[in-house]
Amino acid sequence: MRGLVGLLLGLWIVGAGPALGATLQVGPGKTYAKPCQALAAAHDDDVIEIDAAGNGTYDGDVCAFSQNGLTLRGVNGRAHVDAASQNAQGKAIWVISGNDTTVENVELSGCHVVDQNGAGIRQQGKNLTVRGSYFHDNEDGILESNVAGSEILIETSEFKDNGAGDGYSHNMYIGHATKFTLRYCYSHHAKVGHDVKSRAGENHILYNRIGDESDGTASYEIDLPNGGTSYVIGNVIQQGPATQNPTILTYLEEGANPGNPGSDLYVVNNTFVDQRATPGLAVRVNSSTPAVIKNNIFYGGSTLTDQASAVLANNYGGADPRFADLASFDLHLLAGSPCIDAAADPGSANGLSLAPLFQYVHPASFEARPVVGALDIGAFEFGQGVLVDAGAPGADAQVVVPGVDGSANTISEDASTPDGAALAHDAGALGQVAPGCGCSASGSGLLALGMLALATSRGGRRALSGSRRWRCAPTRSPGSPS
């Protein structure tokens, strides 16, 4: 646990650092009437609070900005900027050239430009975090501009109906960034383009719901055209009858990029559903490195993979996994499912555990994956996570993280530290805690049920308002299955 202690010490040191920037308030009766007015006045590390009270809309308010460390946050609901036939620099609603930007609780819609790649956000700076936001009816939801060394994190957000219908624009399009993480998100109904597309050197696609549903026309659900070390774990990935392409997930289709050091793919504990009239291919792999494909449900008759050397273990392709309600895309398992207790130990790769820690909660949220007997096949464990009421706003958060030896490690956090759920996730991903995590929680800093967590940025830690509940699983007792 020395690594976790060091991480926590580092967080406390950051929390005790220099004062944060100013908070600029936007909305009726506020200092600034519109977000772009506040952005024009902002300095590095400032917070822009955009009031969603009333109709909460700021139609046509588009701009480019280049300050570093900014946080743009909707308050009193989700603030909405519709492009309303406007764009910044012929590119997007917000063109971000500064580094270390955080966007929380905003809705960006309706951007169309001459080049047919008008985005909610065009990311031209290094490092972007997006939480609790909604991108729809743009030509690209988020378009990242190949920034070397950049890390993109998108979580608890929804992407819908983005795309120009040309196949070259998508719900999200991440260029040659260093690392892309998409977790706890709902990406669906991309218009002919892909629901998720990334050329990043490293991809972590974790615990999302991605699909066409009954009437979507997306092409690939996940497109990783230049490979990179890629983890696709714990997702619900569904292809509808009107899809534009018979392949669900494709990897390295366009060849390796010199900036992408890895060519290894890990597809673990996902639930794939193919609802085309003629089933297609679930996982296309154009790599000499064997893909690891374990513990997945493949429902609908699609061919599992075209890579003969793939490492396959405990995948289920039978006729009836016993889903709770396929018609409404509730793919939890019912009692008697052949997938219960039937998974293999997925092992680890590159020092990271491949075991699923969390599972998707609709819409655009998550819960800790319950620990009930042996690991189940698919994106959901049979059983129910525990919903914890976090109590009154402003109180401290507390997370109990079990060590790999079964010992309990209690982590107390105040409003200057990251949310407990993200910390438990990150520590678990480093192999420092067991795959189950217990928790108790209070305060306004917990990421929960589609609401917001504490914002973390390189300029400091800032508390957010929002739901004070999140789901967590029972702790794994020493000696129980792993």
# chains A, B, ... in the order shown; residues from 1 in each chain; ligands from 1
>>> residues_around(residues="Leu182 (chain A)", least_positions_apart="2", cutoff="6 Å", atoms="only C-alpha atoms", output="list in words")
Ile154, Glu155 and Ile205 of chain A
>>> select_by_dssp(residues="region 139-316 of chain A", states="strand (DSSP E)", output="mmCIF file with N, CA and C atoms, in the first residue's frame")
data_model
loop_
_atom_site.group_PDB
_atom_site.id
_atom_site.type_symbol
_atom_site.label_atom_id
_atom_site.label_comp_id
_atom_site.auth_asym_id
_atom_site.auth_seq_id
_atom_site.Cartn_x
_atom_site.Cartn_y
_atom_site.Cartn_z
ATOM 1 N N ASP A 140 -19.320 16.862 -34.783
ATOM 2 C CA ASP A 140 -18.519 16.048 -33.864
ATOM 3 C C ASP A 140 -18.863 16.509 -32.459
ATOM 4 N N GLY A 141 -19.052 15.558 -31.565
ATOM 5 C CA GLY A 141 -19.288 15.964 -30.183
ATOM 6 C C GLY A 141 -18.059 16.653 -29.622
ATOM 7 N N ILE A 142 -16.953 15.900 -29.533
ATOM 8 C CA ILE A 142 -15.647 16.441 -29.172
ATOM 9 C C ILE A 142 -14.673 16.023 -30.263
ATOM 10 N N LEU A 143 -13.861 16.977 -30.742
ATOM 11 C CA LEU A 143 -12.850 16.706 -31.755
ATOM 12 C C LEU A 143 -11.508 17.157 -31.202
ATOM 13 N N GLU A 144 -10.597 16.190 -31.012
ATOM 14 C CA GLU A 144 -9.281 16.486 -30.455
ATOM 15 C C GLU A 144 -8.255 16.563 -31.574
ATOM 16 N N GLU A 151 -3.627 14.234 -22.418
ATOM 17 C CA GLU A 151 -4.478 13.190 -21.853
ATOM 18 C C GLU A 151 -5.911 13.700 -21.826
ATOM 19 N N ILE A 152 -6.814 12.890 -22.347
ATOM 20 C CA ILE A 152 -8.230 13.240 -22.438
ATOM 21 C C ILE A 152 -9.019 12.290 -21.540
ATOM 22 N N LEU A 153 -9.776 12.847 -20.613
ATOM 23 C CA LEU A 153 -10.646 12.065 -19.736
ATOM 24 C C LEU A 153 -12.077 12.541 -19.910
ATOM 25 N N ILE A 154 -12.967 11.615 -20.291
ATOM 26 C CA ILE A 154 -14.396 11.911 -20.407
ATOM 27 C C ILE A 154 -15.136 10.911 -19.539
ATOM 28 N N GLU A 155 -15.960 11.394 -18.620
ATOM 29 C CA GLU A 155 -16.689 10.485 -17.748
ATOM 30 C C GLU A 155 -18.074 11.032 -17.438
ATOM 31 N N GLU A 158 -22.941 12.120 -21.815
ATOM 32 C CA GLU A 158 -23.737 11.522 -22.887
ATOM 33 C C GLU A 158 -23.412 12.179 -24.218
ATOM 34 N N PHE A 159 -23.354 11.341 -25.268
ATOM 35 C CA PHE A 159 -23.134 11.783 -26.639
ATOM 36 C C PHE A 159 -24.222 11.174 -27.505
ATOM 37 N N LYS A 160 -24.933 12.028 -28.252
ATOM 38 C CA LYS A 160 -26.064 11.542 -29.034
ATOM 39 C C LYS A 160 -26.205 12.364 -30.318
ATOM 40 N N MET A 172 -17.571 11.259 -30.870
ATOM 41 C CA MET A 172 -16.316 11.803 -30.334
ATOM 42 C C MET A 172 -15.182 11.308 -31.218
ATOM 43 N N TYR A 173 -14.212 12.164 -31.442
ATOM 44 C CA TYR A 173 -13.089 11.824 -32.314
ATOM 45 C C TYR A 173 -11.824 12.341 -31.642
ATOM 46 N N ILE A 174 -11.074 11.406 -31.042
ATOM 47 C CA ILE A 174 -9.840 11.742 -30.347
ATOM 48 C C ILE A 174 -8.683 11.459 -31.301
ATOM 49 N N LYS A 179 -3.057 9.726 -24.258
ATOM 50 C CA LYS A 179 -3.934 8.809 -23.525
ATOM 51 C C LYS A 179 -5.367 9.316 -23.589
ATOM 52 N N PHE A 180 -6.280 8.380 -23.793
ATOM 53 C CA PHE A 180 -7.711 8.680 -23.811
ATOM 54 C C PHE A 180 -8.409 7.734 -22.857
ATOM 55 N N THR A 181 -9.190 8.294 -21.935
ATOM 56 C CA THR A 181 -10.004 7.496 -21.023
ATOM 57 C C THR A 181 -11.455 7.908 -21.181
ATOM 58 N N LEU A 182 -12.301 6.919 -21.449
ATOM 59 C CA LEU A 182 -13.754 7.117 -21.527
ATOM 60 C C LEU A 182 -14.377 6.162 -20.533
ATOM 61 N N ARG A 183 -15.056 6.701 -19.521
ATOM 62 C CA ARG A 183 -15.646 5.802 -18.530
ATOM 63 C C ARG A 183 -16.987 6.349 -18.044
ATOM 64 N N TYR A 186 -22.430 7.338 -21.912
ATOM 65 C CA TYR A 186 -23.505 6.812 -22.757
ATOM 66 C C TYR A 186 -23.337 7.463 -24.121
ATOM 67 N N SER A 187 -22.832 6.702 -25.098
ATOM 68 C CA SER A 187 -22.605 7.221 -26.445
ATOM 69 C C SER A 187 -23.452 6.420 -27.412
ATOM 70 N N HIS A 188 -24.335 7.112 -28.141
ATOM 71 C CA HIS A 188 -25.311 6.385 -28.946
ATOM 72 C C HIS A 188 -25.794 7.234 -30.117
ATOM 73 N N VAL A 196 -17.613 5.863 -30.867
ATOM 74 C CA VAL A 196 -16.341 6.183 -30.204
ATOM 75 C C VAL A 196 -15.227 5.988 -31.225
ATOM 76 N N LYS A 197 -14.408 7.015 -31.421
ATOM 77 C CA LYS A 197 -13.241 6.889 -32.303
ATOM 78 C C LYS A 197 -12.045 7.533 -31.625
ATOM 79 N N SER A 198 -10.934 6.799 -31.596
ATOM 80 C CA SER A 198 -9.726 7.320 -30.965
ATOM 81 C C SER A 198 -8.488 6.803 -31.677
ATOM 82 N N GLU A 202 -2.789 5.370 -26.095
ATOM 83 C CA GLU A 202 -3.288 4.461 -25.062
ATOM 84 C C GLU A 202 -4.759 4.772 -24.864
ATOM 85 N N ASN A 203 -5.583 3.741 -24.828
ATOM 86 C CA ASN A 203 -7.028 3.906 -24.707
ATOM 87 C C ASN A 203 -7.560 3.076 -23.539
ATOM 88 N N HIS A 204 -8.366 3.707 -22.705
ATOM 89 C CA HIS A 204 -9.032 3.023 -21.595
ATOM 90 C C HIS A 204 -10.531 3.271 -21.767
ATOM 91 N N ILE A 205 -11.239 2.310 -22.300
ATOM 92 C CA ILE A 205 -12.674 2.428 -22.556
ATOM 93 C C ILE A 205 -13.363 1.504 -21.565
ATOM 94 N N LEU A 206 -13.921 2.092 -20.506
ATOM 95 C CA LEU A 206 -14.297 1.338 -19.314
ATOM 96 C C LEU A 206 -15.722 1.665 -18.879
ATOM 97 N N ARG A 209 -21.934 2.516 -21.880
ATOM 98 C CA ARG A 209 -22.967 1.953 -22.752
ATOM 99 C C ARG A 209 -22.825 2.624 -24.117
ATOM 100 N N ILE A 210 -22.564 1.809 -25.123
ATOM 101 C CA ILE A 210 -22.248 2.301 -26.458
ATOM 102 C C ILE A 210 -23.117 1.535 -27.446
ATOM 103 N N GLY A 211 -23.921 2.244 -28.268
ATOM 104 C CA GLY A 211 -24.743 1.476 -29.196
ATOM 105 C C GLY A 211 -25.686 2.280 -30.055
ATOM 106 N N ILE A 222 -16.993 1.122 -31.747
ATOM 107 C CA ILE A 222 -15.686 1.569 -31.264
ATOM 108 C C ILE A 222 -14.688 1.398 -32.398
ATOM 109 N N ASP A 223 -13.998 2.483 -32.739
ATOM 110 C CA ASP A 223 -12.989 2.455 -33.794
ATOM 111 C C ASP A 223 -11.668 2.947 -33.212
ATOM 112 N N LEU A 224 -10.667 2.062 -33.197
ATOM 113 C CA LEU A 224 -9.314 2.394 -32.744
ATOM 114 C C LEU A 224 -8.386 2.160 -33.937
ATOM 115 N N THR A 229 -1.946 0.695 -27.077
ATOM 116 C CA THR A 229 -2.335 -0.187 -25.984
ATOM 117 C C THR A 229 -3.744 0.191 -25.546
ATOM 118 N N SER A 230 -4.662 -0.762 -25.645
ATOM 119 C CA SER A 230 -6.084 -0.421 -25.497
ATOM 120 C C SER A 230 -6.792 -1.422 -24.602
ATOM 121 N N TYR A 231 -7.512 -0.884 -23.623
ATOM 122 C CA TYR A 231 -8.277 -1.685 -22.679
ATOM 123 C C TYR A 231 -9.763 -1.380 -22.889
ATOM 124 N N VAL A 232 -10.522 -2.390 -23.250
ATOM 125 C CA VAL A 232 -11.963 -2.268 -23.435
ATOM 126 C C VAL A 232 -12.593 -3.209 -22.417
ATOM 127 N N ILE A 233 -13.023 -2.673 -21.293
ATOM 128 C CA ILE A 233 -13.404 -3.491 -20.138
ATOM 129 C C ILE A 233 -14.753 -3.031 -19.595
ATOM 130 N N VAL A 236 -21.163 -2.197 -22.167
ATOM 131 C CA VAL A 236 -22.296 -2.716 -22.933
ATOM 132 C C VAL A 236 -22.155 -2.140 -24.340
ATOM 133 N N ILE A 237 -21.985 -3.005 -25.336
ATOM 134 C CA ILE A 237 -21.704 -2.564 -26.706
ATOM 135 C C ILE A 237 -22.733 -3.227 -27.619
ATOM 136 N N GLN A 238 -23.633 -2.436 -28.156
ATOM 137 C CA GLN A 238 -24.770 -2.968 -28.897
ATOM 138 C C GLN A 238 -24.816 -2.390 -30.304
ATOM 139 N N GLN A 239 -25.045 -3.257 -31.279
ATOM 140 C CA GLN A 239 -25.170 -2.829 -32.668
ATOM 141 C C GLN A 239 -26.584 -3.094 -33.148
ATOM 142 N N THR A 247 -19.207 -4.568 -38.554
ATOM 143 C CA THR A 247 -18.221 -4.766 -37.499
ATOM 144 C C THR A 247 -18.554 -3.877 -36.304
ATOM 145 N N ILE A 248 -18.401 -4.424 -35.107
ATOM 146 C CA ILE A 248 -18.748 -3.684 -33.892
ATOM 147 C C ILE A 248 -17.545 -2.921 -33.341
ATOM 148 N N LEU A 249 -16.442 -3.604 -33.111
ATOM 149 C CA LEU A 249 -15.214 -2.995 -32.612
ATOM 150 C C LEU A 249 -14.097 -3.296 -33.602
ATOM 151 N N THR A 250 -13.366 -2.286 -34.013
ATOM 152 C CA THR A 250 -12.273 -2.501 -34.953
ATOM 153 C C THR A 250 -10.993 -1.886 -34.414
ATOM 154 N N TYR A 251 -9.879 -2.602 -34.630
ATOM 155 C CA TYR A 251 -8.594 -2.232 -34.036
ATOM 156 C C TYR A 251 -7.498 -2.298 -35.083
ATOM 157 N N LEU A 265 -4.318 -5.268 -27.457
ATOM 158 C CA LEU A 265 -5.735 -5.006 -27.209
ATOM 159 C C LEU A 265 -6.258 -5.990 -26.178
ATOM 160 N N TYR A 266 -7.015 -5.478 -25.193
ATOM 161 C CA TYR A 266 -7.589 -6.291 -24.125
ATOM 162 C C TYR A 266 -9.091 -6.038 -24.086
ATOM 163 N N VAL A 267 -9.871 -7.039 -24.411
ATOM 164 C CA VAL A 267 -11.329 -6.946 -24.468
ATOM 165 C C VAL A 267 -11.861 -7.907 -23.409
ATOM 166 N N VAL A 268 -12.304 -7.366 -22.286
ATOM 167 C CA VAL A 268 -12.564 -8.182 -21.099
ATOM 168 C C VAL A 268 -13.900 -7.781 -20.474
ATOM 169 N N THR A 271 -20.336 -6.904 -22.650
ATOM 170 C CA THR A 271 -21.512 -7.563 -23.207
ATOM 171 C C THR A 271 -21.766 -6.977 -24.585
ATOM 172 N N PHE A 272 -21.552 -7.806 -25.630
ATOM 173 C CA PHE A 272 -21.783 -7.414 -27.023
ATOM 174 C C PHE A 272 -23.148 -7.940 -27.463
ATOM 175 N N VAL A 273 -23.913 -7.086 -28.133
ATOM 176 C CA VAL A 273 -25.193 -7.501 -28.696
ATOM 177 C C VAL A 273 -25.229 -7.075 -30.157
ATOM 178 N N ASP A 274 -25.431 -8.027 -31.042
ATOM 179 C CA ASP A 274 -25.518 -7.762 -32.485
ATOM 180 C C ASP A 274 -26.953 -8.023 -32.928
ATOM 181 N N LEU A 281 -19.224 -9.066 -37.490
ATOM 182 C CA LEU A 281 -17.990 -9.405 -36.783
ATOM 183 C C LEU A 281 -17.905 -8.562 -35.521
ATOM 184 N N ALA A 282 -17.674 -9.190 -34.392
ATOM 185 C CA ALA A 282 -17.656 -8.447 -33.132
ATOM 186 C C ALA A 282 -16.352 -7.676 -32.940
ATOM 187 N N VAL A 283 -15.211 -8.336 -33.115
ATOM 188 C CA VAL A 283 -13.918 -7.706 -32.840
ATOM 189 C C VAL A 283 -12.982 -7.954 -34.021
ATOM 190 N N ARG A 284 -12.722 -6.905 -34.781
ATOM 191 C CA ARG A 284 -11.773 -7.000 -35.907
ATOM 192 C C ARG A 284 -10.412 -6.524 -35.419
ATOM 193 N N VAL A 285 -9.389 -7.355 -35.621
ATOM 194 C CA VAL A 285 -8.048 -7.047 -35.131
ATOM 195 C C VAL A 285 -7.048 -7.201 -36.264
ATOM 196 N N VAL A 292 -6.277 -10.113 -26.358
ATOM 197 C CA VAL A 292 -6.797 -10.865 -25.216
ATOM 198 C C VAL A 292 -8.294 -10.597 -25.145
ATOM 199 N N ILE A 293 -9.085 -11.642 -25.345
ATOM 200 C CA ILE A 293 -10.542 -11.516 -25.388
ATOM 201 C C ILE A 293 -11.112 -12.532 -24.409
ATOM 202 N N LYS A 294 -11.525 -12.058 -23.237
ATOM 203 C CA LYS A 294 -11.930 -12.962 -22.163
ATOM 204 C C LYS A 294 -13.222 -12.482 -21.500
ATOM 205 N N ILE A 297 -19.731 -11.611 -23.197
ATOM 206 C CA ILE A 297 -20.933 -12.175 -23.808
ATOM 207 C C ILE A 297 -21.005 -11.670 -25.244
ATOM 208 N N PHE A 298 -21.195 -12.587 -26.187
ATOM 209 C CA PHE A 298 -21.415 -12.234 -27.588
ATOM 210 C C PHE A 298 -22.785 -12.779 -27.978
ATOM 211 N N TYR A 299 -23.775 -11.905 -27.967
ATOM 212 C CA TYR A 299 -25.145 -12.323 -28.234
ATOM 213 C C TYR A 299 -25.585 -11.820 -29.602
ATOM 214 N N THR A 303 -19.649 -13.247 -35.489
ATOM 215 C CA THR A 303 -18.372 -13.920 -35.361
ATOM 216 C C THR A 303 -17.558 -13.209 -34.293
ATOM 217 N N LEU A 304 -16.940 -13.951 -33.407
ATOM 218 C CA LEU A 304 -16.266 -13.349 -32.263
ATOM 219 C C LEU A 304 -15.109 -12.451 -32.717
ATOM 220 N N THR A 305 -14.174 -12.978 -33.483
ATOM 221 C CA THR A 305 -13.032 -12.201 -33.960
ATOM 222 C C THR A 305 -12.478 -12.830 -35.227
ATOM 223 N N VAL A 311 -6.114 -14.577 -27.905
ATOM 224 C CA VAL A 311 -6.178 -15.363 -26.681
ATOM 225 C C VAL A 311 -7.611 -15.303 -26.163
ATOM 226 N N LEU A 312 -8.313 -16.404 -26.283
ATOM 227 C CA LEU A 312 -9.733 -16.446 -25.933
ATOM 228 C C LEU A 312 -9.934 -17.281 -24.674
ATOM 229 N N ALA A 313 -10.809 -16.823 -23.782
ATOM 230 C CA ALA A 313 -11.110 -17.600 -22.585
ATOM 231 C C ALA A 313 -12.484 -17.222 -22.060
#
>>> closest_residue(among="A:Asn117, A:Ser214, A:Thr156, A:Thr101", to="Ser133 (chain A)", atoms="only C-alpha atoms")
A:Thr156
>>> closest_residue(among="A:Gln307, A:Asn105, A:Ser287, A:Asn146", to="Arg131 (chain A)", atoms="only C-alpha atoms")
A:Asn105
>>> atom_distance(atom1="CA of Asn162 (chain A)", atom2="CA of Lys191 (chain A)")
5.9 Å
>>> residues_around(residues="Gly74 (chain A)", least_positions_apart="6", cutoff="6 Å", atoms="only C-alpha atoms", output="MDAnalysis selection string")
chainID A and resid 49:51 105:106
>>> atom_distance(atom1="CA of Glu253 (chain A)", atom2="CA of Glu221 (chain A)")
14.0 Å
>>> residues_around(residues="region 81-83 of chain A", least_positions_apart="6", cutoff="12 Å", atoms="only C-alpha atoms", output="NGL selection string")
:A and (34-36 or 50-52 or 55-63 or 74 or 90-94 or 105-113 or 118-121 or 133-139)
>>> atom_distance(atom1="CA of Asp264 (chain A)", atom2="CA of Thr178 (chain A)")
15.3 Å
>>> closest_residue(among="A:Ala342, A:Pro258, A:Leu331, A:Pro290", to="Leu375 (chain A)", atoms="only C-alpha atoms")
A:Ala342
>>> closest_residue(among="A:Ala218, A:Ala344, A:Ala177, A:Val130", to="Ser150 (chain A)", atoms="only C-alpha atoms")
A:Ala177
